[in-house]
$ cat input-v1.cif   # mmCIF, C-alpha atoms
data_query
#
loop_
_atom_site.label_atom_id
_atom_site.label_comp_id
_atom_site.auth_asym_id
_atom_site.auth_seq_id
_atom_site.Cartn_x
_atom_site.Cartn_y
_atom_site.Cartn_z
CA MET A 1 -33.31 91.98 4.70
CA ASP A 2 -32.50 93.29 1.21
CA GLN A 3 -28.90 93.95 2.30
CA ILE A 4 -28.57 90.36 3.53
CA PHE A 5 -29.94 88.87 0.33
CA SER A 6 -27.73 91.15 -1.76
CA LYS A 7 -24.72 89.27 -0.34
CA LEU A 8 -26.27 85.86 -0.97
CA LYS A 9 -25.85 84.79 -4.56
CA GLY A 10 -27.72 82.07 -6.36
CA ASP A 11 -31.39 81.14 -6.27
CA LYS A 12 -33.03 83.31 -3.59
CA TRP A 13 -35.93 80.89 -3.18
CA ILE A 14 -33.55 78.13 -2.15
CA TRP A 15 -32.08 80.43 0.49
CA ILE A 16 -35.58 81.23 1.75
CA ILE A 17 -36.55 77.54 1.89
CA VAL A 18 -33.37 76.70 3.83
CA ILE A 19 -33.97 79.50 6.34
CA VAL A 20 -37.61 78.45 6.86
CA LEU A 21 -36.66 74.78 7.32
CA SER A 22 -33.85 75.71 9.73
CA GLY A 23 -36.18 77.81 11.86
CA TRP A 24 -38.81 75.08 11.86
CA SER A 25 -36.11 72.59 12.83
CA LEU A 26 -35.24 74.58 15.95
CA LEU A 27 -38.88 74.57 17.07
CA ALA A 28 -39.41 70.88 16.31
CA VAL A 29 -36.17 69.66 17.92
CA TYR A 30 -36.69 71.77 21.04
CA SER A 31 -40.19 70.32 21.36
CA SER A 32 -39.08 66.69 20.90
CA VAL A 33 -35.90 66.32 22.99
CA GLY A 34 -37.64 66.34 26.38
CA THR A 35 -37.47 62.58 26.87
CA LEU A 36 -33.84 62.45 25.75
CA ALA A 37 -32.93 65.28 28.12
CA TYR A 38 -34.69 63.49 30.99
CA LYS A 39 -32.87 60.20 30.31
CA GLU A 40 -29.47 61.88 30.18
CA GLY A 41 -30.18 64.28 33.04
CA LYS A 42 -29.62 67.42 30.97
CA GLY A 43 -31.70 70.49 30.19
CA THR A 44 -33.56 70.79 26.89
CA GLU A 45 -31.92 74.20 26.40
CA LEU A 46 -28.55 72.46 26.07
CA TYR A 47 -29.81 70.41 23.12
CA LEU A 48 -31.41 73.48 21.58
CA PHE A 49 -28.14 75.42 21.82
CA LYS A 50 -26.18 72.51 20.34
CA HIS A 51 -28.65 72.14 17.49
CA PHE A 52 -28.62 75.89 16.86
CA SER A 53 -24.81 75.80 16.74
CA ILE A 54 -24.86 73.00 14.16
CA ILE A 55 -27.39 74.86 12.01
CA ALA A 56 -25.27 78.02 12.25
CA VAL A 57 -22.14 76.13 11.18
CA GLY A 58 -24.17 74.52 8.38
CA LEU A 59 -25.28 77.92 7.08
CA VAL A 60 -21.66 79.11 7.13
CA LEU A 61 -20.58 76.02 5.17
CA MET A 62 -23.43 76.59 2.75
CA TYR A 63 -22.33 80.20 2.24
CA LEU A 64 -18.68 79.22 1.69
CA SER A 65 -19.64 76.38 -0.65
CA HIS A 66 -21.77 78.64 -2.80
CA LYS A 67 -18.94 81.20 -3.07
CA LEU A 68 -16.61 78.61 -4.66
CA ASP A 69 -16.97 78.18 -8.41
CA TYR A 70 -18.80 74.89 -8.91
CA ARG A 71 -16.27 73.75 -11.54
CA TYR A 72 -13.70 73.27 -8.78
CA TYR A 73 -15.91 70.54 -7.34
CA ALA A 74 -14.99 68.32 -10.31
CA GLY A 75 -11.46 68.03 -8.96
CA ILE A 76 -12.61 67.93 -5.34
CA SER A 77 -14.96 65.01 -6.13
CA LYS A 78 -12.00 62.88 -7.21
CA LEU A 79 -10.23 63.59 -3.91
CA LEU A 80 -13.42 62.89 -1.96
CA MET A 81 -13.77 59.46 -3.60
CA ILE A 82 -10.15 58.62 -2.75
CA ILE A 83 -10.93 59.44 0.89
CA THR A 84 -14.43 57.95 0.99
CA ILE A 85 -13.72 54.35 -0.09
CA PRO A 86 -11.08 53.63 2.61
CA LEU A 87 -13.17 55.52 5.17
CA LEU A 88 -16.22 53.35 4.46
CA LEU A 89 -14.07 50.22 4.78
CA PHE A 90 -12.64 51.48 8.07
CA THR A 91 -16.17 52.21 9.33
CA LEU A 92 -17.25 48.63 8.65
CA ILE A 93 -14.20 47.18 10.36
CA GLY A 94 -13.45 49.55 13.21
CA GLY A 95 -16.40 51.92 13.43
CA ASN A 96 -18.69 52.46 16.40
CA LYS A 97 -21.21 49.63 16.42
CA VAL A 98 -24.82 50.41 17.42
CA ASN A 99 -27.63 47.87 16.89
CA GLU A 100 -25.31 45.57 14.93
CA ALA A 101 -24.48 48.41 12.52
CA SER A 102 -21.14 50.18 12.13
CA ARG A 103 -22.11 53.55 10.66
CA TRP A 104 -20.05 55.98 12.70
CA VAL A 105 -16.41 56.73 13.38
CA THR A 106 -15.12 58.89 16.20
CA ILE A 107 -13.08 61.92 15.20
CA PRO A 108 -9.93 62.13 17.34
CA VAL A 109 -9.25 65.15 19.57
CA ILE A 110 -12.82 66.55 19.45
CA ASN A 111 -14.27 63.09 20.28
CA GLN A 112 -17.34 63.54 18.06
CA THR A 113 -19.00 60.80 16.02
CA PHE A 114 -19.15 61.10 12.25
CA GLN A 115 -21.45 59.16 9.90
CA THR A 116 -19.35 58.30 6.88
CA SER A 117 -22.33 57.59 4.59
CA ASP A 118 -23.14 61.33 4.60
CA LEU A 119 -19.73 62.04 3.08
CA ALA A 120 -20.14 59.11 0.68
CA LYS A 121 -23.42 60.52 -0.69
CA LEU A 122 -21.83 63.86 -1.49
CA ALA A 123 -18.69 62.24 -2.90
CA LEU A 124 -20.48 59.76 -5.18
CA ILE A 125 -22.96 62.25 -6.64
CA THR A 126 -20.30 64.87 -7.42
CA PHE A 127 -17.99 62.19 -8.82
CA LEU A 128 -20.76 60.76 -11.01
CA ALA A 129 -21.53 64.27 -12.26
CA ARG A 130 -17.87 64.60 -13.22
CA LEU A 131 -17.75 61.24 -15.02
CA LEU A 132 -21.01 61.78 -16.90
CA SER A 133 -20.03 65.26 -18.08
CA ARG A 134 -16.52 64.27 -19.18
CA LYS A 135 -17.55 61.02 -20.87
CA ALA A 136 -20.71 62.33 -22.49
CA HIS A 137 -19.48 61.68 -26.05
CA GLU A 138 -18.42 58.13 -25.25
CA ILE A 139 -21.06 57.32 -22.66
CA LYS A 140 -22.02 54.02 -24.32
CA ASP A 141 -18.44 52.78 -24.50
CA LEU A 142 -18.20 49.71 -22.26
CA LYS A 143 -14.55 50.02 -21.23
CA LYS A 144 -14.10 53.80 -21.09
CA SER A 145 -17.38 54.82 -19.50
CA PHE A 146 -19.75 52.08 -18.40
CA ILE A 147 -17.37 49.98 -16.30
CA PRO A 148 -15.89 52.95 -14.34
CA ILE A 149 -19.38 54.35 -13.67
CA MET A 150 -20.98 51.03 -12.77
CA GLY A 151 -18.01 49.97 -10.67
CA THR A 152 -18.05 53.18 -8.66
CA VAL A 153 -21.80 53.07 -7.99
CA CYS A 154 -21.86 49.38 -7.01
CA LEU A 155 -18.76 49.61 -4.80
CA VAL A 156 -20.10 52.54 -2.78
CA PHE A 157 -23.54 50.92 -2.66
CA VAL A 158 -22.34 47.67 -1.10
CA LEU A 159 -20.02 49.41 1.37
CA ILE A 160 -22.88 51.56 2.68
CA ALA A 161 -25.59 48.86 2.41
CA TRP A 162 -23.66 46.48 4.69
CA ALA A 163 -24.60 48.68 7.66
CA ASN A 164 -27.12 51.21 6.29
CA LEU A 165 -29.35 49.68 3.63
CA SER A 166 -31.90 52.50 3.40
CA THR A 167 -29.27 55.16 2.69
CA ALA A 168 -27.59 52.88 0.15
CA LEU A 169 -30.85 52.25 -1.70
CA MET A 170 -31.68 55.97 -1.91
CA LEU A 171 -28.18 56.75 -3.16
CA PHE A 172 -28.43 53.96 -5.73
CA GLY A 173 -31.78 55.33 -6.91
CA THR A 174 -30.30 58.82 -7.26
CA SER A 175 -27.39 57.38 -9.23
CA VAL A 176 -29.77 55.62 -11.63
CA LEU A 177 -31.66 58.89 -12.17
CA LEU A 178 -28.36 60.59 -12.99
CA LEU A 179 -27.53 57.83 -15.47
CA LEU A 180 -30.90 58.40 -17.15
CA ILE A 181 -30.26 62.14 -17.37
CA GLY A 182 -26.76 61.38 -18.67
CA ARG A 183 -28.28 59.44 -21.60
CA VAL A 184 -26.82 56.11 -20.59
CA SER A 185 -28.63 53.40 -22.58
CA PHE A 186 -31.53 51.53 -20.98
CA LYS A 187 -29.66 48.30 -21.55
CA GLN A 188 -26.68 49.51 -19.51
CA ILE A 189 -28.93 50.94 -16.80
CA GLY A 190 -30.69 47.59 -16.68
CA ILE A 191 -27.34 45.87 -16.12
CA VAL A 192 -26.57 48.32 -13.32
CA CYS A 193 -29.95 47.58 -11.70
CA VAL A 194 -29.41 43.82 -11.99
CA GLY A 195 -25.98 44.23 -10.40
CA GLY A 196 -27.49 46.36 -7.64
CA ALA A 197 -30.25 43.81 -7.02
CA PHE A 198 -27.68 41.03 -6.71
CA LEU A 199 -25.66 43.04 -4.21
CA LEU A 200 -28.85 43.90 -2.32
CA LEU A 201 -29.78 40.24 -2.08
CA LEU A 202 -26.25 39.45 -0.90
CA VAL A 203 -26.44 42.07 1.86
CA ILE A 204 -29.88 40.91 3.01
CA LEU A 205 -28.94 37.23 3.08
CA ILE A 206 -25.46 37.32 4.62
CA GLY A 207 -25.09 40.83 6.02
CA PRO A 208 -24.79 41.49 9.78
CA ARG A 209 -28.26 43.08 9.91
CA ARG A 210 -30.12 40.45 7.86
CA ALA A 211 -32.46 39.64 10.75
CA THR A 212 -33.36 43.32 11.16
CA TYR A 213 -34.04 43.81 7.45
CA VAL A 214 -36.21 40.70 7.18
CA SER A 215 -38.13 41.67 10.32
CA ARG A 216 -38.84 45.19 9.06
CA PHE A 217 -40.06 44.02 5.67
CA GLU A 218 -42.24 41.33 7.23
CA SER A 219 -43.75 43.86 9.63
CA PHE A 220 -44.45 46.33 6.84
CA PHE A 221 -46.15 43.81 4.57
CA LYS A 222 -48.35 42.28 7.26
CA THR A 223 -51.94 42.20 6.14
CA GLU A 224 -53.34 42.53 9.66
CA GLN A 225 -51.82 45.01 12.05
CA THR A 226 -53.29 45.84 15.43
CA VAL A 227 -52.55 48.69 17.75
CA GLN A 228 -52.62 47.92 21.47
CA ASN A 229 -52.56 50.46 24.26
CA THR A 230 -50.80 48.12 26.67
CA VAL A 231 -47.20 47.52 27.67
CA PRO A 232 -46.78 44.48 25.35
CA PHE A 233 -47.39 46.95 22.49
CA GLN A 234 -43.78 48.07 22.94
CA GLU A 235 -42.63 44.60 21.96
CA ASP A 236 -44.59 44.73 18.72
CA LYS A 237 -42.43 44.95 15.60
CA ASN A 238 -44.66 47.78 14.37
CA TYR A 239 -44.31 49.73 17.60
CA GLN A 240 -42.57 52.77 16.10
CA ALA A 241 -44.69 52.90 12.94
CA ASN A 242 -47.95 52.57 14.85
CA LEU A 243 -47.02 55.31 17.31
CA ALA A 244 -46.06 57.61 14.44
CA LYS A 245 -49.41 57.06 12.74
CA MET A 246 -51.26 57.67 16.02
CA SER A 247 -49.41 60.96 16.49
CA ILE A 248 -50.19 62.07 12.96
CA ALA A 249 -53.87 61.12 13.29
CA SER A 250 -54.22 63.00 16.58
CA GLY A 251 -52.91 66.18 14.98
CA GLU A 252 -55.98 66.39 12.74
CA LEU A 253 -56.18 69.44 10.48
CA PHE A 254 -54.69 72.27 12.54
CA GLY A 255 -52.62 70.37 15.13
CA LYS A 256 -52.31 70.64 18.89
CA GLY A 257 -49.94 73.60 18.84
CA ALA A 258 -46.17 73.89 19.20
CA GLY A 259 -44.82 71.92 22.16
CA ASN A 260 -48.06 70.00 22.78
CA SER A 261 -47.17 66.69 21.16
CA VAL A 262 -47.88 63.52 23.13
CA GLY A 263 -46.15 61.16 20.74
CA ARG A 264 -42.78 62.82 21.38
CA ASN A 265 -42.77 61.17 24.82
CA LEU A 266 -43.40 57.70 23.37
CA LEU A 267 -41.59 57.57 20.02
CA PRO A 268 -38.03 56.16 20.24
CA HIS A 269 -36.44 58.94 18.13
CA PRO A 270 -38.91 61.83 17.85
CA TYR A 271 -36.12 64.36 17.22
CA SER A 272 -34.65 62.55 14.18
CA ASP A 273 -36.26 59.53 12.49
CA PHE A 274 -39.86 60.41 13.40
CA ILE A 275 -39.71 64.17 13.67
CA PHE A 276 -42.27 64.48 10.85
CA ALA A 277 -44.85 62.71 13.02
CA VAL A 278 -44.23 65.21 15.84
CA ILE A 279 -44.51 68.14 13.42
CA VAL A 280 -47.85 66.93 12.01
CA GLU A 281 -49.19 66.30 15.52
CA GLU A 282 -48.29 69.83 16.60
CA TYR A 283 -48.99 71.73 13.37
CA GLY A 284 -51.65 69.49 11.84
CA THR A 285 -52.14 68.21 8.33
CA ILE A 286 -51.74 71.77 7.09
CA GLY A 287 -48.29 71.99 8.69
CA GLY A 288 -47.28 68.64 7.20
CA ALA A 289 -48.50 69.73 3.77
CA ILE A 290 -46.52 72.97 4.00
CA LEU A 291 -43.38 71.04 4.93
CA LEU A 292 -43.90 68.68 1.98
CA PHE A 293 -44.46 71.67 -0.30
CA LEU A 294 -41.14 73.20 0.79
CA TYR A 295 -39.21 70.09 -0.28
CA VAL A 296 -41.11 69.88 -3.57
CA ALA A 297 -40.40 73.57 -4.16
CA LEU A 298 -36.72 72.92 -3.44
CA MET A 299 -36.67 70.18 -6.07
CA TYR A 300 -38.45 72.46 -8.53
CA ARG A 301 -35.83 75.17 -8.06
CA CYS A 302 -33.08 72.58 -8.57
CA ILE A 303 -34.72 71.39 -11.80
CA ARG A 304 -34.93 74.99 -12.95
CA ILE A 305 -31.18 75.36 -12.34
CA VAL A 306 -30.62 72.18 -14.39
CA THR A 307 -32.55 73.60 -17.35
CA LEU A 308 -30.65 76.91 -17.20
CA SER A 309 -27.15 75.53 -16.71
CA PRO A 310 -25.02 75.98 -19.84
CA ARG A 311 -22.62 73.22 -18.79
CA ALA A 312 -23.28 69.54 -18.24
CA PHE A 313 -21.35 69.27 -14.98
CA GLY A 314 -23.42 72.00 -13.32
CA ALA A 315 -26.65 70.41 -14.53
CA PHE A 316 -25.66 66.97 -13.21
CA LEU A 317 -24.62 68.47 -9.86
CA ALA A 318 -27.90 70.31 -9.36
CA ALA A 319 -29.94 67.31 -10.49
CA GLY A 320 -28.09 64.69 -8.45
CA LEU A 321 -27.87 66.65 -5.21
CA GLY A 322 -31.44 67.94 -5.57
CA PHE A 323 -32.84 64.44 -6.16
CA SER A 324 -30.82 63.06 -3.26
CA LEU A 325 -32.21 65.56 -0.75
CA THR A 326 -35.79 65.27 -2.00
CA ILE A 327 -35.79 61.46 -2.06
CA GLN A 328 -34.43 61.42 1.49
CA ALA A 329 -37.14 63.82 2.67
CA LEU A 330 -39.91 61.83 0.99
CA ALA A 331 -38.54 58.58 2.44
CA ASN A 332 -38.60 60.00 5.97
CA MET A 333 -42.17 61.23 5.54
CA ALA A 334 -43.28 57.95 3.94
CA VAL A 335 -42.04 55.98 6.96
CA ALA A 336 -43.88 58.29 9.36
CA VAL A 337 -47.22 57.91 7.56
CA GLY A 338 -46.82 54.14 7.10
CA LEU A 339 -45.99 54.07 3.37
CA GLY A 340 -42.62 52.41 3.89
CA PRO A 341 -40.70 50.22 6.35
CA VAL A 342 -38.77 51.87 9.19
CA THR A 343 -35.46 53.12 7.80
CA GLY A 344 -33.82 55.48 10.28
CA VAL A 345 -33.34 58.19 7.64
CA PRO A 346 -33.35 61.79 9.01
CA LEU A 347 -35.42 64.60 7.54
CA PRO A 348 -32.94 66.92 5.73
CA LEU A 349 -32.29 70.22 7.54
CA VAL A 350 -35.00 69.45 10.11
CA SER A 351 -33.98 66.35 12.09
CA MET A 352 -31.37 66.67 14.83
CA GLY A 353 -28.03 65.32 13.64
CA GLY A 354 -24.63 66.88 13.14
CA THR A 355 -23.10 65.33 10.02
CA SER A 356 -26.45 65.11 8.20
CA ILE A 357 -27.09 68.85 8.56
CA LEU A 358 -23.52 69.82 7.71
CA PHE A 359 -23.27 67.74 4.53
CA THR A 360 -26.79 68.72 3.48
CA SER A 361 -25.71 72.36 3.83
CA VAL A 362 -22.63 71.76 1.69
CA ALA A 363 -24.77 70.02 -0.96
CA LEU A 364 -27.15 72.98 -1.07
CA GLY A 365 -24.18 75.33 -1.25
CA ILE A 366 -22.92 73.47 -4.34
CA ILE A 367 -26.35 73.75 -5.96
CA LEU A 368 -26.35 77.48 -5.22
CA SER A 369 -22.86 77.75 -6.68
CA VAL A 370 -24.24 76.47 -10.00
CA SER A 371 -27.10 78.97 -9.74
CA ARG A 372 -24.66 81.77 -8.91
CA SER A 373 -22.61 80.93 -11.99
CA ILE A 374 -25.72 81.25 -14.18
CA GLU A 375 -26.49 84.66 -12.64
CA GLU A 376 -22.93 85.87 -13.22
CA LEU A 377 -23.01 84.77 -16.85
CA LYS A 378 -26.22 86.69 -17.33
CA GLY A 379 -24.71 89.73 -15.59
CA LYS A 380 -21.71 89.68 -17.90
CA GLU A 381 -24.03 89.40 -20.89
CA GLU A 382 -22.38 86.12 -21.83
CA LEU A 383 -25.78 84.53 -21.30
CA ASN A 384 -28.25 87.31 -22.01
CA GLU A 385 -31.32 85.18 -22.53
CA ILE A 386 -31.89 81.44 -22.33
CA PRO A 387 -34.54 80.28 -24.83
CA LYS A 388 -37.23 77.86 -23.85
CA ASN A 389 -35.66 75.12 -25.95
CA HIS A 390 -32.27 75.61 -24.30
CA LYS A 391 -30.18 72.45 -24.12
CA VAL A 392 -27.36 71.63 -21.76
CA VAL A 393 -23.94 71.61 -23.42
CA VAL A 394 -22.60 68.11 -22.92
CA GLY A 395 -19.00 67.09 -22.57
CA THR A 396 -18.01 70.23 -20.69
CA ILE A 397 -17.31 71.01 -17.05
#

$ encode --input "input-v1.cif" --output "structure tokens"
Amino acid sequence: MDQIFSKLKGDKWIWIIVIVLSGWSLLAVYSSVGTLAYKEGKGTELYLFKHFSIIAVGLVLMYLSHKLDYRYYAGISKLLMIITIPLLLFTLIGGNKVNEASRWVTIPVINQTFQTSDLAKLALITFLARLLSRKAHEIKDLKKSFIPIMGTVCLVFVLIAWANLSTALMLFGTSVLLLLIGRVSFKQIGIVCVGGAFLLLLVILIGPRRATYVSRFESFFKTEQTVQNTVPFQEDKNYQANLAKMSIASGELFGKGAGNSVGRNLLPHPYSDFIFAVIVEEYGTIGGAILLFLYVALMYRCIRIVTLSPRAFGAFLAAGLGFSLTIQALANMAVAVGLGPVTGVPLPLVSMGGTSILFTSVALGIILSVSRSIEELKGKEELNEIPKNHKVVVGTI
């Protein structure tokens, strides 16, 4: 084990958290794909092998990403944005449409679907980190800084929100947090929020999924919700949320044991959107609390990297990507326990899903690249000791 970790640079606790979540993901997905396997006439082992392969590829991407000096991602982010904007437009126009939403495109030759919003999240956060670090000394300048930053955030937001509102809102929230960290004035952030609210209203009122959004919000804010154990229950707008809460409640403190979930056979997407409900049912409240602790610990390690980073770009990268993953995890859990409307957001590194796992792995690799750089600076005695009142150097990559 020591030999393995000696080859893995960066924050060792992040590596441990990723390995634990990946192992837990294999158990949870294998337990929850039974209904899907039955519907498609395939064995559950096939899904387990496929999921294991994706996790393995993700770990390789994470390793390669953390080996690359994080400063190179400043240039890569510009290229990613050039690719992302047209790709999001193409997804809306010619993407695969499911439930009135065009979120996926099919990759030629390999014939695999690809969710473009996963790329957009990585592209926007790294690009924002680049802009904020390079324009730190003129951050309040309307023409040189504010308009490029606001324009980028709002453009990506509306392109994603048209088909995937929940992902767009989480990305917008992460962007606002980055603006706060980047010392953008409250007045300018307020303008960004007003612009985002206007675009949100536009998407809800005239977007292709307006009926779905209105229905979900109405269902969530109902004052009286009943749970029926009859067939008409499946027609209830709160069907998924109620089933998730029933699964969680039946898990009690210690759970029913791995593979003993009942809700997995009833929930529409127990292997992705509602995998947290299955985990709590099988591993109990204690298991759910441990899973929550792992994501909080991940965010804590990212914040620690932010405080230690001697360069602004590295700090913004670790903060933005860390917040993005944690917010997504909390959103998934909140939906499962009934604290938010149904969103369809996967649980990072745990839910079954190809592009989500792969881009999450790359994001974690970038965070580890920043951490690795800090370790190397310490090793070279260029950064012997970081005082408690250490401040990030702004205006540098």

$ closest_residue --input "input-v1.cif" --among "A:Leu180, A:Leu48, A:Gly288, A:Leu349" --to "A:Ala319" --atoms "all atoms listed in the file"
A:Leu180

$ resolve_selection --input "input-v1.cif" --expression "the PyMOL selection byres ((chain A and resi 127) around 8)" --output "list of chain:residue names"
A:Ala74, A:Ser77, A:Lys78, A:Met81, A:Ala123, A:Leu124, A:Ile125, A:Thr126, A:Leu128, A:Ala129, A:Arg130, A:Leu131

$ atom_distance --input "input-v1.cif" --atom1 "atom CA of A:Ala277" --atom2 "atom CA of A:Ser247"
6.0 Å

$ resolve_selection --input "input-v1.cif" --expression "the PyMOL selection byres ((chain A and resi 295-301) around 7)" --output "ChimeraX atom specification"
/A:14,291-294,302-305,322-323,326

$ residues_around --input "input-v1.cif" --residues "A:Arg103" --least-positions-apart "5" --cutoff "12 Å" --atoms "all atoms listed in the file" --output "PyMOL selection string"
chain A and resi 87-98+113-120+159-165+167-168+344+355

$ closest_residue --input "input-v1.cif" --among "A:Leu266, A:His66, A:Leu179, A:Lys187" --to "A:Asp11" --atoms "all atoms listed in the file"
A:His66

$ closest_residue --input "input-v1.cif" --among "A:Met170, A:Ser373, A:Phe316, A:Phe49" --to "A:Leu330" --atoms "all atoms listed in the file"
A:Met170

$ resolve_selection --input "input-v1.cif" --expression "the PyMOL selection byres ((chain A and resi 25) around 10)" --output "PyMOL selection string"
chain A and resi 19-24+26-31+48+51-52+55+271+275+279+347-352

$ atom_distance --input "input-v1.cif" --atom1 "atom CA of A:Gly182" --atom2 "atom CA of A:Thr152"
15.6 Å

$ closest_residue --input "input-v1.cif" --among "A:Tyr38, A:Phe359, A:Tyr47, A:Tyr70" --to "A:Ala315" --atoms "all atoms listed in the file"
A:Tyr70

$ atom_distance --input "input-v1.cif" --atom1 "atom CA of A:Lys50" --atom2 "atom CA of A:Gly354"
9.3 Å

$ axis_aligned_box --input "input-v1.cif" --around "stretch 162-167 of chain A" --padding-each-side "3 Å" --output "AutoDock Vina command-line options"
--center_x -27.8 --center_y 50.8 --center_z 5.2 --size_x 14.2 --size_y 14.7 --size_z 11.0

$ build_atoms --input "input-v1.cif" --residues "stretch 370-377 of chain A" --atoms "all heavy atoms" --output "compact mmCIF listing (two decimals), keeping the file's coordinate frame"
# COMPACT_ATOMS: atom_id res chain seq x y z
N VAL A 370 -23.84 76.60 -8.59
CA VAL A 370 -24.24 76.47 -10.00
C VAL A 370 -25.18 77.61 -10.38
O VAL A 370 -25.04 78.23 -11.43
CB VAL A 370 -24.92 75.10 -10.24
CG1 VAL A 370 -25.35 74.99 -11.71
CG2 VAL A 370 -23.98 73.96 -9.87
N SER A 371 -26.16 77.88 -9.49
CA SER A 371 -27.10 78.97 -9.74
C SER A 371 -26.38 80.32 -9.81
O SER A 371 -26.70 81.17 -10.65
CB SER A 371 -28.16 78.97 -8.64
OG SER A 371 -29.06 80.04 -8.81
N ARG A 372 -25.42 80.51 -8.92
CA ARG A 372 -24.66 81.77 -8.91
C ARG A 372 -23.90 81.96 -10.22
O ARG A 372 -23.82 83.07 -10.76
CB ARG A 372 -23.67 81.76 -7.74
CG ARG A 372 -22.82 83.02 -7.62
CD ARG A 372 -21.93 82.95 -6.40
NE ARG A 372 -20.93 81.92 -6.53
CZ ARG A 372 -19.74 82.08 -7.14
NH1 ARG A 372 -19.43 83.26 -7.67
NH2 ARG A 372 -18.88 81.10 -7.21
N SER A 373 -23.34 80.86 -10.74
CA SER A 373 -22.61 80.93 -11.99
C SER A 373 -23.51 81.37 -13.14
O SER A 373 -23.11 82.17 -14.00
CB SER A 373 -21.99 79.56 -12.31
OG SER A 373 -21.32 79.58 -13.55
N ILE A 374 -24.76 80.87 -13.14
CA ILE A 374 -25.72 81.25 -14.18
C ILE A 374 -26.03 82.75 -14.08
O ILE A 374 -26.08 83.46 -15.09
CB ILE A 374 -27.01 80.43 -14.03
CG1 ILE A 374 -26.74 78.96 -14.28
CG2 ILE A 374 -28.09 80.94 -14.98
CD1 ILE A 374 -27.90 78.04 -13.94
N GLU A 375 -26.22 83.23 -12.84
CA GLU A 375 -26.49 84.66 -12.64
C GLU A 375 -25.33 85.53 -13.12
O GLU A 375 -25.53 86.58 -13.73
CB GLU A 375 -26.77 84.93 -11.17
CG GLU A 375 -28.10 84.38 -10.67
CD GLU A 375 -28.34 84.70 -9.22
OE1 GLU A 375 -27.42 85.24 -8.57
OE2 GLU A 375 -29.45 84.42 -8.72
N GLU A 376 -24.10 85.10 -12.82
CA GLU A 376 -22.93 85.87 -13.22
C GLU A 376 -22.77 85.91 -14.73
O GLU A 376 -22.39 86.94 -15.30
CB GLU A 376 -21.68 85.29 -12.56
CG GLU A 376 -21.64 85.53 -11.05
CD GLU A 376 -20.42 84.89 -10.40
OE1 GLU A 376 -19.70 84.13 -11.10
OE2 GLU A 376 -20.19 85.14 -9.20
N LEU A 377 -23.08 84.79 -15.39
CA LEU A 377 -23.01 84.77 -16.85
C LEU A 377 -24.03 85.72 -17.46
O LEU A 377 -23.75 86.42 -18.43
CB LEU A 377 -23.25 83.35 -17.36
CG LEU A 377 -22.10 82.36 -17.18
CD1 LEU A 377 -22.54 80.96 -17.53
CD2 LEU A 377 -20.90 82.77 -18.02
